[in-house]
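Novice: Take this structure, written in structure tokens, and hold onto it; I'll ask about it next.
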Amino acid sequence: MRISTLAKGIGMEFLGYRHRRLRQNETWRRAVRETKLSTDDFVYPMFVTGGSGVRNSIESMPDIYQLSIDQVVEEAKEVVKLGIPAVLLFGIPDESSKDSEGSPGYDPKGIIPSAIKAIKTACPDLLVWADVCLCEYTDHGHCGILGSSGEIDNDATLPILSKMALAYADAGADAVAPSDMMDGRVGAIRRVLDDHNHSLVPIISYAAKYSSSYYGPFRDIANSCPSTGDRKSYQMDPSNVDEAMREVDQDIAEGVDIIIVKPAGSYLDVLWRVKQAFGMPTAAYQVSGEYAMIKAAGQKGWVDTEEVMIESLLSIKRAGADLIISYFAKEIAKKLKGNSGS
Ligand code: PBG
Ligand code: ZN
């Protein structure tokens with residue numbers, strides 16, 4: 001029975017229990033803390049571009065860069081030093097190489113396969129996840145290929161996604177992460193990987209990926225804004241949760257290994273339900289807009305960036321995330337190194 005109900009039942013307003021006893025100093029708070037962030041929870045996203053010695057900053061993503069492969073390798077080494085277990089790679093190919101089917105995405109000599117090889121050579125124990133999607137590689141910027149009347153051709157997109165996933169697995173990726181939201185892609189990718197000796201390469205799917213305005217800064221940094229229309233015919237409507245459960249259920253049936261809910265902060269209810277219902281390894285993606293808003297308000301002096309960072313990450317872990325993909329990964333890892341928890 002709840003204390004409040006009990007109190008009413010016996011005619012008392014105040015039972016005398018003092019919750020503040022266990023809050024009175026930091027040592028007590030540390031001792032009874034229910035949720036603790038660990039460096040092991042984090043995945044750091046990185047954006048790979050051509051050339052060498054390139055570190056392009058992007059205004060809407062403070063402290064995040066477009067990096068050439070040599071620089072990505074340096075960052076990867078730092079990530080390892082900080083104890084972060086995994087990175088997630090996004091490719092930024094040369095604009096002029098983009099075409100209607102996103103062929104630079106599955107070129108075995110393309111930007112991501114080359115980056116995977118370079119990182120795995122320098123940091124063999126770091127988990128390298130590769131995002132699988134067409135939008136960074138198509139001239140129209142959509143996540144699927146377009147049919148004759150400009151509609152997304154779901155089924156014709158599947159073999160292309162599979163080719164991309166295969167190119168990344170062949171290059172040594174530790175996992176592939178389809179973020180396109182085409183139906184049937186987990187099964188299609190699983191079959192192709194299995195047929196090519198990659199039965200142990202996990203698929204991490206953005207099963208519940210919402211059509212979100214929080215992706216704005218990502219599209220600046222990845223040059224992946226759709227040239228016409230929007231992504232609402234394939235990404236999920238922010239109003240729906242039951243639908244997310246059906247998406248996750250189908251990805252599990254098709255053989256998915258880790259589920260991603262994305263964005264994180266505005267979808268903690270989805271994250272909670274998915275984790276509770278399926279008990280799958282579940283990752284949440286704290287996306288570019290969530291990061292940018294915290295950074296921007298901090299720069300203005302309106303909030304304390306570090307405190308809000310920790311609070312936002314705690315809320316994601318509390319809601320059930322086993323892993324958090326976040327642009328704050330390095331920052332929080334540095335912070336956690338300096339103390340024994342947060
Ligand atoms: C591409 C992709 C996007 C993000 C991850 N993969 C953008 C989108 O779908 O438009 C967003 C990540 C972020 O905002 O940090 N499919
Ligand atoms: Zn995409």
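Naming works like this for the structure tokens: A, B, ... for the chains as they're shown, residue 1 at the start of each chain, ligands 1 onward in shown order.
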Neighbouring residues of stretch 197-201 of chain A were defined as those with any atom within 12 Å, considering only C-alpha atoms; residues of the same chain fewer than 2 positions away were excluded. Please report them as number ranges by chain.

Specialist: A: 127-130, 165-177, 189-195, 203-204, 255-258

Novice: Suppose we keep C-alpha atoms; can you now write the selection as a CSV table (one decimal), in the first residue's frame?

Specialist:
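Written output follows (again10.csv):
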chain,number,residue,atom,x,y,z
A,127,LEU,CA,33.6,-2.0,-32.1
A,128,VAL,CA,33.0,-0.3,-35.4
A,129,TRP,CA,29.4,0.0,-36.4
A,130,ALA,CA,28.5,1.2,-39.8
A,165,ALA,CA,25.9,-4.0,-45.5
A,166,LEU,CA,27.9,-6.6,-47.3
A,167,ALA,CA,30.6,-4.2,-48.4
A,168,TYR,CA,30.9,-3.0,-44.7
A,169,ALA,CA,31.0,-6.5,-43.3
A,170,ASP,CA,33.6,-7.5,-45.9
A,171,ALA,CA,35.7,-4.5,-44.8
A,172,GLY,CA,35.6,-5.8,-41.2
A,173,ALA,CA,32.7,-3.9,-39.6
A,174,ASP,CA,31.6,-5.3,-36.2
A,175,ALA,CA,28.0,-4.5,-36.9
A,176,VAL,CA,25.8,-2.9,-39.5
A,177,ALA,CA,23.1,-0.5,-38.6
A,189,ILE,CA,20.5,-7.9,-45.0
A,190,ARG,CA,20.6,-11.0,-42.8
A,191,ARG,CA,20.2,-13.3,-45.8
A,192,VAL,CA,23.0,-11.7,-47.7
A,193,LEU,CA,25.4,-11.5,-44.8
A,194,ASP,CA,24.7,-15.2,-44.0
A,195,ASP,CA,25.2,-16.2,-47.6
A,203,ILE,CA,22.4,-6.2,-37.3
A,204,ILE,CA,21.5,-3.2,-35.2
A,255,GLY,CA,16.7,-11.7,-37.0
A,256,VAL,CA,17.8,-8.3,-35.5
A,257,ASP,CA,20.3,-8.3,-32.7
A,258,ILE,CA,20.0,-4.8,-31.2

Novice: What's around A:Cys225 at 8 Å? Count only C-alpha atoms, leave out sequence neighbours fewer than 2 positions away in its own chain, and write the answer as a PyMOL selection string.

Specialist: chain A and resi 135+141-142+219-220+223+227

Novice: Tell me, which residues of stretch 33-176 of chain A carry DSSP strand (DSSP E), written as a ChimeraX atom specification?

Specialist: /A:42-49,55-57,65-68,86-92,127-132,175-176

Novice: Would you compute the distance between atom 4 (C, counted along the ligand's line) of ligand 1 and atom CA of A:Tyr215? Give it in Å to one decimal.

Specialist: 6.1 Å

Novice: Which residues sit within 10 Å of ligand 1, counting only C-alpha atoms and all ligand atoms, listed as a PyMOL selection string?

Specialist: chain A and resi 45+61+88-90+131-136+141-144+177-181+206+209-226+230-231+234-235+262-263+285-292+325-327

Novice: Of the candidates A:Leu126, A:Met182, A:Val43, A:Met236, which one gets nearest to ligand 2 if we count only C-alpha atoms and all ligand atoms?

Specialist: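 For ligand 2, the nearest of the given residues is A:Met182.
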
Novice: What does the distance from atom CA of A:Gln71 to atom CA of A:Thr49 come to in Å, to one decimal?

Specialist: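 Going from atom CA of A:Gln71 over to atom CA of A:Thr49, I get 9.7 Å.
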
Novice: Which value, in Å to one decimal, gives the distance between atom CA of A:Asn339 and atom CA of A:Pro62?

Specialist: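 Between atom CA of A:Asn339 and atom CA of A:Pro62 the gap is 24.7 Å.
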
Novice: Go through A:Thr39, A:Val32, A:Glu306, A:Ser148 and flag the residue nearest A:His19, using only C-alpha atoms for the distances.

Specialist: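 Checking each candidate against A:His19, we get A:Val32 as the closest.
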
Novice: When DSSP is applied to the backbone of this structure, which of stretch 14-251 of chain A are assigned alpha helix (DSSP H)? Write them out as an MDAnalysis selection string.

Specialist: chainID A and resid 26:32 69:82 111:122 154:171 185:195 216:222 242:251

Novice: Choose the residue, out of A:Ile111, A:Ile145, A:Leu336, A:Ile116, that has the smallest atom-to-atom separation from ligand 2; count only C-alpha atoms and all ligand atoms.

Specialist: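 Once distances to ligand 2 are computed over only C-alpha atoms and all ligand atoms, the minimum belongs to A:Ile145.
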
Novice: Using only C-alpha atoms, can you tell me which of A:Val80, A:Met164, A:Met293, A:Val48 comes closest to A:Pro108?

Specialist: A:Met164

Novice: So which residues touch A:Thr35 within 12 Å, counting only C-alpha atoms, skipping near sequence neighbours fewer than 3 positions away, as a ChimeraX atom specification?

Specialist: /A:29-32,38,41,310-311,313-322,341-342

Novice: Do you know which residues are at most 9 Å from A:Thr305 counting only C-alpha atoms, after dropping those on the same chain fewer than 6 positions away, and could you put them as a PDB file with N, CA and C atoms, in the first residue's frame?

Specialist:
ATOM      1  N   ILE A 294      21.168  21.407 -26.276  1.00  0.00           N
ATOM      2  CA  ILE A 294      21.836  21.483 -24.970  1.00  0.00           C
ATOM      3  C   ILE A 294      23.099  22.344 -25.078  1.00  0.00           C
ATOM      4  N   LYS A 295      23.858  22.116 -26.171  1.00  0.00           N
ATOM      5  CA  LYS A 295      25.080  22.894 -26.379  1.00  0.00           C
ATOM      6  C   LYS A 295      24.764  24.383 -26.553  1.00  0.00           C
ATOM      7  N   ALA A 296      23.735  24.667 -27.348  1.00  0.00           N
ATOM      8  CA  ALA A 296      23.416  26.062 -27.656  1.00  0.00           C
ATOM      9  C   ALA A 296      22.937  26.805 -26.416  1.00  0.00           C
ATOM     10  N   ALA A 297      22.061  26.167 -25.651  1.00  0.00           N
ATOM     11  CA  ALA A 297      21.562  26.827 -24.439  1.00  0.00           C
ATOM     12  C   ALA A 297      22.715  27.030 -23.453  1.00  0.00           C
ATOM     13  N   GLY A 298      23.639  26.084 -23.433  1.00  0.00           N
ATOM     14  CA  GLY A 298      24.823  26.211 -22.570  1.00  0.00           C
ATOM     15  C   GLY A 298      25.693  27.378 -23.002  1.00  0.00           C
ATOM     16  N   GLN A 299      25.884  27.492 -24.328  1.00  0.00           N
ATOM     17  CA  GLN A 299      26.709  28.595 -24.843  1.00  0.00           C
ATOM     18  C   GLN A 299      26.111  29.945 -24.488  1.00  0.00           C
TER      19      GLN A 299
END

Novice: Please provide the set of residues having any atom within 12 Å of A:Lys330, restricted to only C-alpha atoms, with same-chain residues fewer than 2 positions apart removed, written as a PyMOL selection string.

Specialist: chain A and resi 38-46+63-64+75-87+309+325-328+332-337

Novice: Keeping only N, CA and C atoms, write the selected residues as a tab-separated table (two decimals), in the first residue's frame.

Specialist:
chain	number	residue	atom	x	y	z
A	38	SER	N	27.79	4.57	-17.17
A	38	SER	CA	29.12	3.96	-17.27
A	38	SER	C	29.63	4.22	-18.68
A	39	THR	N	30.94	4.33	-18.80
A	39	THR	CA	31.52	4.54	-20.13
A	39	THR	C	31.12	3.40	-21.08
A	40	ASP	N	30.90	2.22	-20.51
A	40	ASP	CA	30.49	1.06	-21.32
A	40	ASP	C	29.15	1.27	-22.02
A	41	ASP	N	28.37	2.23	-21.57
A	41	ASP	CA	27.03	2.45	-22.15
A	41	ASP	C	27.07	3.16	-23.49
A	42	PHE	N	28.22	3.73	-23.86
A	42	PHE	CA	28.19	4.72	-24.93
A	42	PHE	C	28.74	4.27	-26.28
A	43	VAL	N	28.15	4.87	-27.31
A	43	VAL	CA	28.58	4.69	-28.70
A	43	VAL	C	28.78	6.08	-29.27
A	44	TYR	N	29.93	6.30	-29.89
A	44	TYR	CA	30.27	7.64	-30.39
A	44	TYR	C	30.11	7.70	-31.91
A	45	PRO	N	29.23	8.58	-32.41
A	45	PRO	CA	29.06	8.70	-33.86
A	45	PRO	C	30.17	9.55	-34.48
A	46	MET	N	30.64	9.15	-35.67
A	46	MET	CA	31.68	9.92	-36.36
A	46	MET	C	31.33	10.06	-37.84
A	63	ASP	N	31.87	21.05	-31.50
A	63	ASP	CA	32.82	19.99	-31.10
A	63	ASP	C	32.70	18.69	-31.89
A	64	ILE	N	31.85	18.66	-32.91
A	64	ILE	CA	31.74	17.48	-33.78
A	64	ILE	C	32.23	17.90	-35.16
A	75	GLU	N	40.79	10.04	-33.77
A	75	GLU	CA	39.64	10.10	-32.85
A	75	GLU	C	39.33	8.73	-32.27
A	76	ALA	N	39.43	7.72	-33.13
A	76	ALA	CA	39.13	6.35	-32.68
A	76	ALA	C	40.10	5.96	-31.56
A	77	LYS	N	41.35	6.35	-31.71
A	77	LYS	CA	42.34	6.02	-30.66
A	77	LYS	C	41.96	6.71	-29.35
A	78	GLU	N	41.50	7.95	-29.46
A	78	GLU	CA	41.09	8.68	-28.26
A	78	GLU	C	39.87	8.00	-27.61
A	79	VAL	N	38.94	7.57	-28.47
A	79	VAL	CA	37.74	6.87	-27.99
A	79	VAL	C	38.14	5.62	-27.20
A	80	VAL	N	39.11	4.89	-27.73
A	80	VAL	CA	39.59	3.68	-27.05
A	80	VAL	C	40.21	4.05	-25.70
A	81	LYS	N	41.03	5.09	-25.71
A	81	LYS	CA	41.69	5.53	-24.47
A	81	LYS	C	40.67	5.89	-23.40
A	82	LEU	N	39.57	6.48	-23.85
A	82	LEU	CA	38.53	6.89	-22.91
A	82	LEU	C	37.70	5.71	-22.41
A	83	GLY	N	37.85	4.56	-23.07
A	83	GLY	CA	37.13	3.36	-22.63
A	83	GLY	C	35.75	3.18	-23.26
A	84	ILE	N	35.46	3.98	-24.27
A	84	ILE	CA	34.17	3.84	-24.97
A	84	ILE	C	34.26	2.61	-25.89
A	85	PRO	N	33.26	1.71	-25.82
A	85	PRO	CA	33.42	0.44	-26.55
A	85	PRO	C	33.14	0.49	-28.06
A	86	ALA	N	32.39	1.49	-28.52
A	86	ALA	CA	31.96	1.42	-29.93
A	86	ALA	C	31.85	2.80	-30.58
A	87	VAL	N	32.04	2.81	-31.89
A	87	VAL	CA	31.77	4.02	-32.69
A	87	VAL	C	30.77	3.66	-33.78
A	309	MET	N	23.60	17.69	-19.75
A	309	MET	CA	24.09	16.51	-20.45
A	309	MET	C	23.89	15.26	-19.58
A	325	ILE	N	23.71	5.98	-27.97
A	325	ILE	CA	24.50	6.58	-29.05
A	325	ILE	C	24.39	8.08	-28.85
A	326	SER	N	25.53	8.72	-28.59
A	326	SER	CA	25.46	10.14	-28.26
A	326	SER	C	26.71	10.89	-28.67
A	327	TYR	N	26.50	12.11	-29.17
A	327	TYR	CA	27.62	12.99	-29.50
A	327	TYR	C	28.34	13.46	-28.24
A	328	PHE	N	27.72	13.23	-27.08
A	328	PHE	CA	28.36	13.56	-25.80
A	328	PHE	C	29.27	12.42	-25.31
A	332	ILE	N	31.19	12.74	-21.76
A	332	ILE	CA	30.73	12.05	-20.54
A	332	ILE	C	31.78	11.04	-20.09
A	333	ALA	N	32.49	10.44	-21.05
A	333	ALA	CA	33.54	9.48	-20.67
A	333	ALA	C	34.65	10.19	-19.89
A	334	LYS	N	34.98	11.40	-20.34
A	334	LYS	CA	36.02	12.18	-19.63
A	334	LYS	C	35.54	12.48	-18.22
A	335	LYS	N	34.29	12.86	-18.11
A	335	LYS	CA	33.70	13.19	-16.82
A	335	LYS	C	33.70	11.95	-15.90
A	336	LEU	N	33.32	10.80	-16.46
A	336	LEU	CA	33.24	9.59	-15.65
A	336	LEU	C	34.63	9.12	-15.22
A	337	LYS	N	35.62	9.41	-16.04
A	337	LYS	CA	36.99	9.07	-15.67
A	337	LYS	C	37.43	9.81	-14.41

Novice: Here is a test: counting only C-alpha atoms and all ligand atoms, which residue of A:Arg246, A:Arg21, A:His140, A:Lys117 is nearest to ligand 2?

Specialist: A:His140
